[in-house]
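Reproduced below: structure_20.txt, with compact mmCIF, C-alpha atoms and all ligand atoms.
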```txt
# COMPACT_ATOMS: atom_id res chain seq x y z
CA MET U 1 49.32 -53.07 -174.29
CA PHE U 2 51.36 -54.00 -171.19
CA HIS U 3 51.62 -56.96 -168.86
CA TYR U 4 50.89 -56.95 -165.15
CA GLN U 5 51.47 -60.30 -163.43
CA ASP U 6 50.13 -62.59 -166.19
CA LEU U 7 47.37 -60.18 -167.26
CA SER U 8 47.57 -58.50 -170.70
CA ILE U 9 46.19 -54.98 -170.34
CA MET U 10 45.17 -52.76 -173.25
CA ILE U 11 45.17 -49.03 -172.67
CA HIS U 12 43.37 -46.21 -174.52
CA PRO U 13 44.33 -42.55 -175.10
CA GLU U 14 41.14 -41.33 -173.34
CA VAL U 15 41.55 -43.65 -170.32
CA TYR U 16 43.82 -43.21 -167.26
CA ASP U 17 47.08 -45.12 -167.68
CA PRO U 18 47.71 -47.28 -164.60
CA ALA U 19 50.41 -45.57 -162.54
CA GLU U 20 52.09 -45.73 -159.11
CA ASP U 21 48.76 -45.09 -157.36
CA THR U 22 47.06 -47.97 -159.21
CA PHE U 23 49.82 -50.45 -158.38
CA LEU U 24 50.09 -49.35 -154.74
CA LEU U 25 46.35 -49.91 -154.33
CA VAL U 26 46.51 -53.33 -156.01
CA GLU U 27 49.29 -54.38 -153.63
CA ALA U 28 47.62 -52.98 -150.52
CA ILE U 29 44.27 -54.73 -150.77
CA GLU U 30 43.89 -58.27 -149.55
CA VAL U 31 41.14 -59.97 -151.52
CA LYS U 32 39.91 -63.46 -150.70
CA PRO U 33 38.02 -65.81 -153.06
CA LYS U 34 34.22 -65.30 -153.17
CA THR U 35 34.51 -61.78 -151.72
CA ASP U 36 32.06 -59.22 -153.13
CA VAL U 37 34.03 -56.23 -154.42
CA PHE U 38 32.86 -52.93 -155.93
CA GLU U 39 35.43 -50.82 -157.74
CA ILE U 40 34.44 -47.27 -158.67
CA GLY U 41 36.35 -45.57 -161.51
CA THR U 42 37.90 -48.72 -162.93
CA GLY U 43 39.71 -47.03 -165.86
CA CYS U 44 41.18 -49.85 -167.97
CA GLY U 45 39.88 -52.36 -165.39
CA ILE U 46 43.21 -53.51 -163.96
CA ILE U 47 42.20 -53.43 -160.27
CA ALA U 48 38.93 -55.24 -161.00
CA LEU U 49 40.83 -57.85 -163.03
CA VAL U 50 43.36 -58.52 -160.25
CA CYS U 51 40.49 -58.96 -157.75
CA ALA U 52 38.60 -61.34 -160.07
CA LYS U 53 41.82 -63.28 -160.71
CA LYS U 54 41.93 -63.91 -156.95
CA GLY U 55 38.37 -65.27 -157.08
CA ALA U 56 36.36 -62.21 -156.05
CA ASN U 57 33.00 -61.37 -157.61
CA VAL U 58 33.44 -57.81 -158.79
CA VAL U 59 31.14 -55.01 -159.87
CA CYS U 60 33.16 -52.22 -161.48
CA SER U 61 32.10 -48.91 -162.93
CA ASP U 62 33.28 -45.77 -164.64
CA ILE U 63 31.70 -42.56 -165.88
CA ASN U 64 33.99 -42.58 -168.97
CA PRO U 65 32.52 -44.63 -171.87
CA TYR U 66 36.03 -45.34 -173.24
CA ALA U 67 36.97 -46.83 -169.85
CA ILE U 68 33.93 -49.12 -170.00
CA GLU U 69 34.80 -50.21 -173.55
CA THR U 70 38.49 -50.80 -172.64
CA THR U 71 37.62 -52.71 -169.45
CA LYS U 72 35.24 -54.99 -171.39
CA LYS U 73 38.01 -55.77 -173.92
CA ASN U 74 40.49 -56.45 -171.12
CA ILE U 75 38.04 -58.85 -169.47
CA GLU U 76 37.56 -60.68 -172.77
CA ASN U 77 41.33 -60.96 -173.32
CA ASN U 78 42.00 -62.27 -169.81
CA ILE U 79 38.85 -64.27 -169.15
CA HIS U 80 40.81 -67.56 -168.93
CA LEU U 81 42.70 -66.20 -165.88
CA LEU U 82 39.65 -65.12 -163.87
CA LYS U 83 38.43 -67.32 -161.01
CA GLY U 84 35.68 -64.85 -160.11
CA SER U 85 33.31 -62.68 -162.16
CA ILE U 86 33.26 -59.04 -163.29
CA ASP U 87 30.10 -57.05 -163.97
CA VAL U 88 30.90 -53.72 -165.73
CA ARG U 89 28.47 -50.80 -165.28
CA LYS U 90 28.62 -47.29 -166.74
CA GLY U 91 27.70 -44.42 -164.43
CA SER U 92 28.67 -42.14 -161.60
CA MET U 93 29.75 -43.31 -158.15
CA PHE U 94 27.12 -45.39 -156.30
CA LYS U 95 24.34 -44.64 -158.82
CA VAL U 96 25.17 -47.85 -160.73
CA LEU U 97 24.15 -49.97 -157.72
CA ASN U 98 20.75 -51.33 -156.86
CA LYS U 99 19.19 -50.40 -153.57
CA GLY U 100 20.48 -52.78 -150.91
CA GLU U 101 23.43 -54.01 -152.99
CA LYS U 102 26.31 -54.48 -150.49
CA PHE U 103 29.98 -55.42 -150.69
CA ASP U 104 32.83 -56.71 -148.52
CA ILE U 105 35.25 -54.31 -150.17
CA ILE U 106 34.70 -51.00 -152.00
CA ILE U 107 37.68 -49.51 -153.85
CA PHE U 108 38.19 -46.11 -155.47
CA ASN U 109 41.39 -44.65 -156.92
CA PRO U 110 39.67 -41.30 -157.28
CA PRO U 111 40.58 -38.09 -159.05
CA TYR U 112 42.43 -36.75 -155.99
CA LEU U 113 44.66 -33.87 -157.12
CA PRO U 114 43.72 -30.42 -155.79
CA THR U 115 43.01 -28.52 -159.02
CA TYR U 116 42.28 -24.88 -159.85
CA ALA U 117 40.16 -23.83 -162.85
CA GLU U 118 43.20 -22.53 -164.76
CA GLU U 119 44.98 -25.89 -164.39
CA LYS U 120 42.26 -27.88 -166.15
CA LEU U 121 43.07 -29.29 -169.58
CA GLY U 122 39.55 -30.43 -170.37
CA GLY U 123 38.27 -33.84 -171.39
CA TRP U 124 38.48 -37.25 -169.81
CA PHE U 125 41.96 -36.66 -168.35
CA ASP U 126 40.54 -33.99 -166.02
CA ILE U 127 37.71 -36.32 -165.04
CA ALA U 128 40.36 -38.88 -164.04
CA VAL U 129 42.61 -36.62 -161.95
CA ASP U 130 40.77 -33.41 -160.93
CA GLY U 131 39.82 -33.64 -157.27
CA GLY U 132 38.43 -30.11 -157.11
CA ARG U 133 39.95 -27.22 -155.12
CA ASP U 134 40.69 -29.32 -152.03
CA GLY U 135 41.24 -32.74 -153.66
CA PHE U 136 38.15 -34.20 -151.94
CA LYS U 137 35.44 -33.52 -154.54
CA LEU U 138 34.79 -37.23 -155.11
CA ILE U 139 36.33 -38.59 -151.93
CA LYS U 140 33.45 -37.01 -149.95
CA PRO U 141 30.61 -38.75 -151.87
CA PHE U 142 32.67 -41.97 -151.76
CA LEU U 143 32.91 -41.83 -147.96
CA LYS U 144 29.24 -40.92 -147.70
CA GLY U 145 28.12 -43.92 -149.79
CA LEU U 146 30.09 -46.49 -147.80
CA SER U 147 27.62 -46.81 -144.93
CA ARG U 148 24.85 -47.73 -147.39
CA HIS U 149 26.84 -50.22 -149.48
CA LEU U 150 29.39 -51.89 -147.20
CA LYS U 151 28.45 -55.17 -145.52
CA LYS U 152 29.01 -55.49 -141.77
CA ASN U 153 32.80 -55.41 -141.20
CA GLY U 154 33.31 -54.34 -144.82
CA LEU U 155 36.26 -52.19 -145.82
CA GLY U 156 36.64 -49.18 -148.11
CA TYR U 157 39.94 -48.25 -149.80
CA PHE U 158 40.93 -45.02 -151.49
CA ILE U 159 43.93 -42.81 -152.22
CA SER U 160 44.81 -39.27 -151.24
CA THR U 161 47.91 -37.10 -151.67
CA SER U 162 50.22 -34.92 -149.56
CA PHE U 163 49.15 -32.05 -151.88
CA ALA U 164 45.71 -32.18 -150.18
CA ASP U 165 45.10 -31.18 -146.53
CA GLN U 166 45.28 -34.50 -144.66
CA LYS U 167 44.01 -32.98 -141.38
CA LYS U 168 40.89 -31.80 -143.19
CA LEU U 169 40.48 -35.30 -144.65
CA GLN U 170 40.68 -36.85 -141.15
CA LYS U 171 37.88 -34.55 -140.05
CA ILE U 172 35.73 -35.45 -143.08
CA ILE U 173 36.24 -39.17 -142.32
CA ILE U 174 35.21 -38.70 -138.67
CA ASP U 175 32.19 -36.58 -139.70
CA PHE U 176 30.95 -39.51 -141.82
CA ASP U 177 31.21 -41.77 -138.74
CA LEU U 178 34.04 -43.80 -140.22
CA ARG U 179 37.30 -45.08 -138.75
CA SER U 180 40.43 -44.92 -140.92
CA ASN U 181 43.95 -46.28 -141.17
CA ARG U 182 46.66 -45.10 -143.55
CA ILE U 183 47.97 -48.51 -144.57
CA MET U 184 50.55 -47.58 -147.21
CA ARG U 185 52.40 -44.58 -148.54
CA GLN U 186 54.72 -43.93 -151.46
CA SER U 187 56.84 -40.95 -152.45
CA ILE U 188 56.64 -39.83 -156.05
CA GLY U 189 59.06 -36.92 -156.42
CA GLU U 190 57.76 -34.11 -154.18
CA GLU U 191 54.43 -35.83 -153.63
CA GLU U 192 53.47 -38.59 -151.22
CA ILE U 193 50.41 -40.71 -151.88
CA TYR U 194 48.52 -42.52 -149.14
CA ILE U 195 46.23 -45.54 -149.17
CA TYR U 196 43.40 -45.23 -146.69
CA GLU U 197 41.45 -48.19 -145.33
CA VAL U 198 38.12 -47.15 -143.83
CA LYS U 199 35.39 -48.97 -141.97
CA ILE U 200 32.10 -48.09 -140.39
CA LYS U 201 32.41 -47.31 -136.66
C1 LIG B 301 42.74 -42.01 -161.16
S1 LIG B 301 41.70 -42.81 -162.33
C2 LIG B 301 41.84 -44.51 -161.75
C3 LIG B 301 41.65 -45.55 -162.85
C4 LIG B 301 41.98 -46.99 -162.41
N1 LIG B 301 41.11 -47.43 -161.34
C5 LIG B 301 43.42 -47.09 -161.96
O1 LIG B 301 43.65 -47.13 -160.74
O2 LIG B 301 44.29 -47.09 -162.84
C6 LIG B 301 40.07 -42.31 -161.80
C7 LIG B 301 38.94 -42.96 -162.57
O3 LIG B 301 37.70 -42.52 -161.99
C8 LIG B 301 36.78 -42.27 -163.03
N2 LIG B 301 35.76 -41.35 -162.52
C9 LIG B 301 35.84 -40.00 -162.35
N3 LIG B 301 34.69 -39.51 -161.86
C10 LIG B 301 33.86 -40.57 -161.69
C11 LIG B 301 32.53 -40.70 -161.19
N4 LIG B 301 31.82 -39.65 -160.78
N5 LIG B 301 31.98 -41.93 -161.15
C12 LIG B 301 32.69 -43.02 -161.56
N6 LIG B 301 33.94 -42.95 -162.05
C13 LIG B 301 34.54 -41.75 -162.11
C14 LIG B 301 37.62 -41.70 -164.15
O4 LIG B 301 36.98 -41.78 -165.40
C15 LIG B 301 38.88 -42.58 -164.05
O5 LIG B 301 38.76 -43.73 -164.83
```
Hey, can you dump this file as structure tokens for me?
Ligand SMILES: C[S@@+](CC[C@H](N)C(=O)[O-])C[C@H]1O[C@@H](n2cnc3c(N)ncnc32)[C@H](O)[C@@H]1O
Amino acid sequence: MFHYQDLSIMIHPEVYDPAEDTFLLVEAIEVKPKTDVFEIGTGCGIIALVCAKKGANVVCSDINPYAIETTKKNIENNIHLLKGSIDVRKGSMFKVLNKGEKFDIIIFNPPYLPTYAEEKLGGWFDIAVDGGRDGFKLIKPFLKGLSRHLKKNGLGYFISTSFADQKKLQKIIIDFDLRSNRIMRQSIGEEEIYIYEVKIK
């Protein structure tokens, strides 16, 4: 258990521990009351909780059943602090959404590390960090789904790393007809992480 702002957050050995990337994303995103937010890959639910504390109505999801269980407990433990709502759904990427469901903000702290087969440890940790050979394995389907599930003028947020080819990422973003801004960066040892804000052109 740890505290973030006034939230009490339980963690779980099979669920991603919030780290620099999580906190950078939380700080970068401006969320207004009554905003509709979708967070993919919620982990222990901390980003969804911060958004709901600010009054947003949040749908959050994860493919990891332990993440779903942990997020539900964290909602229960912090329910008195939430001005908005949180709906937790188990499943992959945009598959948890109904057709036509749209959001002002869609957030994903994805598995973004370029990973080779021999580097994999197996289990839920890999699912949380393994971004495939180029680091974009899940960033691509995220970018693809935005045009279907963002409201007009909606914004998408995700993270990438200096260990992945940022020029290639720019091209992928343009190919999906999106416009992007790198709104924050942070050095972590030899690595730099970047927060991208994207919108539909
Ligand atoms: C880097 S962790 C981020 C967790 C949390 N949002 C945070 O920032 O601390 C990535 C999360 O994405 C989830 N994930 C991986 N693949 C997914 C998929 N296809 N659909 C939904 N969630 C996925 C993982 O289980 C993990 O919880």
Please extract the residues at most 9 Å from ligand LIG 301 (chain B), counting all atoms listed in the file, and provide them as a PDB file with C-alpha atoms, keeping the file's coordinate frame, using the chain letters and residue numbers of this document.
```pdb
ATOM      1  CA  GLU U  14      41.140 -41.330-173.340  1.00  0.00           C
ATOM      2  CA  VAL U  15      41.550 -43.650-170.320  1.00  0.00           C
ATOM      3  CA  TYR U  16      43.820 -43.210-167.260  1.00  0.00           C
ATOM      4  CA  ASP U  17      47.080 -45.120-167.680  1.00  0.00           C
ATOM      5  CA  PRO U  18      47.710 -47.280-164.600  1.00  0.00           C
ATOM      6  CA  ALA U  19      50.410 -45.570-162.540  1.00  0.00           C
ATOM      7  CA  GLU U  20      52.090 -45.730-159.110  1.00  0.00           C
ATOM      8  CA  ASP U  21      48.760 -45.090-157.360  1.00  0.00           C
ATOM      9  CA  THR U  22      47.060 -47.970-159.210  1.00  0.00           C
ATOM     10  CA  PHE U  23      49.820 -50.450-158.380  1.00  0.00           C
ATOM     11  CA  LEU U  25      46.350 -49.910-154.330  1.00  0.00           C
ATOM     12  CA  VAL U  26      46.510 -53.330-156.010  1.00  0.00           C
ATOM     13  CA  GLU U  39      35.430 -50.820-157.740  1.00  0.00           C
ATOM     14  CA  ILE U  40      34.440 -47.270-158.670  1.00  0.00           C
ATOM     15  CA  GLY U  41      36.350 -45.570-161.510  1.00  0.00           C
ATOM     16  CA  THR U  42      37.900 -48.720-162.930  1.00  0.00           C
ATOM     17  CA  GLY U  43      39.710 -47.030-165.860  1.00  0.00           C
ATOM     18  CA  CYS U  44      41.180 -49.850-167.970  1.00  0.00           C
ATOM     19  CA  GLY U  45      39.880 -52.360-165.390  1.00  0.00           C
ATOM     20  CA  ILE U  46      43.210 -53.510-163.960  1.00  0.00           C
ATOM     21  CA  ILE U  47      42.200 -53.430-160.270  1.00  0.00           C
ATOM     22  CA  ALA U  48      38.930 -55.240-161.000  1.00  0.00           C
ATOM     23  CA  SER U  61      32.100 -48.910-162.930  1.00  0.00           C
ATOM     24  CA  ASP U  62      33.280 -45.770-164.640  1.00  0.00           C
ATOM     25  CA  ILE U  63      31.700 -42.560-165.880  1.00  0.00           C
ATOM     26  CA  ASN U  64      33.990 -42.580-168.970  1.00  0.00           C
ATOM     27  CA  PRO U  65      32.520 -44.630-171.870  1.00  0.00           C
ATOM     28  CA  TYR U  66      36.030 -45.340-173.240  1.00  0.00           C
ATOM     29  CA  ALA U  67      36.970 -46.830-169.850  1.00  0.00           C
ATOM     30  CA  ILE U  68      33.930 -49.120-170.000  1.00  0.00           C
ATOM     31  CA  LYS U  90      28.620 -47.290-166.740  1.00  0.00           C
ATOM     32  CA  GLY U  91      27.700 -44.420-164.430  1.00  0.00           C
ATOM     33  CA  SER U  92      28.670 -42.140-161.600  1.00  0.00           C
ATOM     34  CA  MET U  93      29.750 -43.310-158.150  1.00  0.00           C
ATOM     35  CA  PHE U  94      27.120 -45.390-156.300  1.00  0.00           C
ATOM     36  CA  LYS U  95      24.340 -44.640-158.820  1.00  0.00           C
ATOM     37  CA  VAL U  96      25.170 -47.850-160.730  1.00  0.00           C
ATOM     38  CA  ILE U 107      37.680 -49.510-153.850  1.00  0.00           C
ATOM     39  CA  PHE U 108      38.190 -46.110-155.470  1.00  0.00           C
ATOM     40  CA  ASN U 109      41.390 -44.650-156.920  1.00  0.00           C
ATOM     41  CA  PRO U 110      39.670 -41.300-157.280  1.00  0.00           C
ATOM     42  CA  PRO U 111      40.580 -38.090-159.050  1.00  0.00           C
ATOM     43  CA  TYR U 112      42.430 -36.750-155.990  1.00  0.00           C
ATOM     44  CA  TRP U 124      38.480 -37.250-169.810  1.00  0.00           C
ATOM     45  CA  PHE U 125      41.960 -36.660-168.350  1.00  0.00           C
ATOM     46  CA  ASP U 126      40.540 -33.990-166.020  1.00  0.00           C
ATOM     47  CA  ILE U 127      37.710 -36.320-165.040  1.00  0.00           C
ATOM     48  CA  ALA U 128      40.360 -38.880-164.040  1.00  0.00           C
ATOM     49  CA  VAL U 129      42.610 -36.620-161.950  1.00  0.00           C
ATOM     50  CA  ASP U 130      40.770 -33.410-160.930  1.00  0.00           C
ATOM     51  CA  LEU U 138      34.790 -37.230-155.110  1.00  0.00           C
TER      52      LEU U 138
END
```
Close residues, Ile200 in chain U itself excluded, 7 Å, only C-alpha atoms, min 5 positions apart in chain, as a ChimeraX atom specification:
/U:147,177-179
Enter the distance from CA of Lys167 in chain U to CA of Lys144 in chain U, in Å, rounded to one decimal.
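Pair CA of Lys167 in chain U / CA of Lys144 in chain U returns 17.9 Å.
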Counting all atoms listed in the file, which of U:Ala56, U:Ile173, U:Ile159, U:Ile79 gets nearest to Leu24 in chain U?
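Of U:Ala56, U:Ile173, U:Ile159, U:Ile79, the one nearest Leu24 in chain U is U:Ile159, counting all atoms listed in the file.
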Just the number, please: distance in Å from CA of Cys51 in chain U to CA of Lys34 in chain U, one decimal.
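Taking CA of Cys51 in chain U and CA of Lys34 in chain U, their separation equals 10.0 Å.
Nearest residue to Leu49 in chain U among U:Glu30, U:Asp104, U:Glu76, U:Glu191 is U:Glu76, counting all atoms listed in the file.
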Around (37.3, -56.2, -151.2) in the file's frame, which residues reach within 9 Å when counting only C-alpha atoms? Return as a ChimeraX atom specification?
/U:29-32,35-39,51,56,58,103-107,154-157
With 8 Å on each side, where is the centre of the axis-aligned box around all listed atoms of range 99-116 of chain U, and how long are its edges in Å to one decimal, as JSON?
```
{"center_x": 31.9, "center_y": -40.8, "center_z": -154.2, "size_x": 41.5, "size_y": 47.8, "size_z": 27.3}
```
If I put a ball of radius 12 Å at (43.4, -33.7, -146.5) in the file's coordinates, which residues poke into it when counting only C-alpha atoms, written as a VMD selection string?
chain U and resid 112 to 114 131 133 to 137 139 to 140 159 to 173 193 to 194 196
Take range 93-109 of chain U, model N, CA and C atoms, and hand the result over as a PDB file, in the coordinates of the input.
```pdb
ATOM      1  N   MET U  93      29.670 -42.924-159.568  1.00  0.00           N
ATOM      2  CA  MET U  93      29.750 -43.310-158.150  1.00  0.00           C
ATOM      3  C   MET U  93      28.813 -44.471-157.812  1.00  0.00           C
ATOM      4  N   PHE U  94      27.963 -44.299-156.779  1.00  0.00           N
ATOM      5  CA  PHE U  94      27.120 -45.390-156.300  1.00  0.00           C
ATOM      6  C   PHE U  94      25.808 -45.524-157.089  1.00  0.00           C
ATOM      7  N   LYS U  95      25.610 -44.618-158.067  1.00  0.00           N
ATOM      8  CA  LYS U  95      24.340 -44.640-158.820  1.00  0.00           C
ATOM      9  C   LYS U  95      24.170 -45.922-159.640  1.00  0.00           C
ATOM     10  N   VAL U  96      25.271 -46.621-159.923  1.00  0.00           N
ATOM     11  CA  VAL U  96      25.170 -47.850-160.730  1.00  0.00           C
ATOM     12  C   VAL U  96      24.654 -49.030-159.907  1.00  0.00           C
ATOM     13  N   LEU U  97      24.549 -48.852-158.588  1.00  0.00           N
ATOM     14  CA  LEU U  97      24.150 -49.970-157.720  1.00  0.00           C
ATOM     15  C   LEU U  97      22.648 -49.996-157.490  1.00  0.00           C
ATOM     16  N   ASN U  98      22.147 -51.198-157.248  1.00  0.00           N
ATOM     17  CA  ASN U  98      20.750 -51.330-156.860  1.00  0.00           C
ATOM     18  C   ASN U  98      20.636 -51.046-155.371  1.00  0.00           C
ATOM     19  N   LYS U  99      19.413 -50.658-154.988  1.00  0.00           N
ATOM     20  CA  LYS U  99      19.190 -50.400-153.570  1.00  0.00           C
ATOM     21  C   LYS U  99      19.477 -51.692-152.787  1.00  0.00           C
ATOM     22  N   GLY U 100      20.223 -51.584-151.727  1.00  0.00           N
ATOM     23  CA  GLY U 100      20.480 -52.780-150.910  1.00  0.00           C
ATOM     24  C   GLY U 100      21.646 -53.617-151.393  1.00  0.00           C
ATOM     25  N   GLU U 101      22.272 -53.253-152.525  1.00  0.00           N
ATOM     26  CA  GLU U 101      23.430 -54.010-152.990  1.00  0.00           C
ATOM     27  C   GLU U 101      24.620 -53.682-152.064  1.00  0.00           C
ATOM     28  N   LYS U 102      25.256 -54.710-151.497  1.00  0.00           N
ATOM     29  CA  LYS U 102      26.310 -54.480-150.490  1.00  0.00           C
ATOM     30  C   LYS U 102      27.552 -55.309-150.799  1.00  0.00           C
ATOM     31  N   PHE U 103      28.698 -54.819-150.342  1.00  0.00           N
ATOM     32  CA  PHE U 103      29.980 -55.420-150.690  1.00  0.00           C
ATOM     33  C   PHE U 103      30.875 -55.575-149.461  1.00  0.00           C
ATOM     34  N   ASP U 104      31.818 -56.544-149.572  1.00  0.00           N
ATOM     35  CA  ASP U 104      32.830 -56.710-148.520  1.00  0.00           C
ATOM     36  C   ASP U 104      33.889 -55.626-148.646  1.00  0.00           C
ATOM     37  N   ILE U 105      34.183 -55.287-149.905  1.00  0.00           N
ATOM     38  CA  ILE U 105      35.250 -54.310-150.170  1.00  0.00           C
ATOM     39  C   ILE U 105      34.774 -53.326-151.237  1.00  0.00           C
ATOM     40  N   ILE U 106      34.985 -52.029-150.992  1.00  0.00           N
ATOM     41  CA  ILE U 106      34.700 -51.000-152.000  1.00  0.00           C
ATOM     42  C   ILE U 106      35.984 -50.203-152.230  1.00  0.00           C
ATOM     43  N   ILE U 107      36.383 -50.115-153.489  1.00  0.00           N
ATOM     44  CA  ILE U 107      37.680 -49.510-153.850  1.00  0.00           C
ATOM     45  C   ILE U 107      37.459 -48.320-154.766  1.00  0.00           C
ATOM     46  N   PHE U 108      38.226 -47.255-154.536  1.00  0.00           N
ATOM     47  CA  PHE U 108      38.190 -46.110-155.470  1.00  0.00           C
ATOM     48  C   PHE U 108      39.572 -45.463-155.513  1.00  0.00           C
ATOM     49  N   ASN U 109      40.207 -45.498-156.672  1.00  0.00           N
ATOM     50  CA  ASN U 109      41.390 -44.650-156.920  1.00  0.00           C
ATOM     51  C   ASN U 109      40.813 -43.399-157.573  1.00  0.00           C
TER      52      ASN U 109
END
```
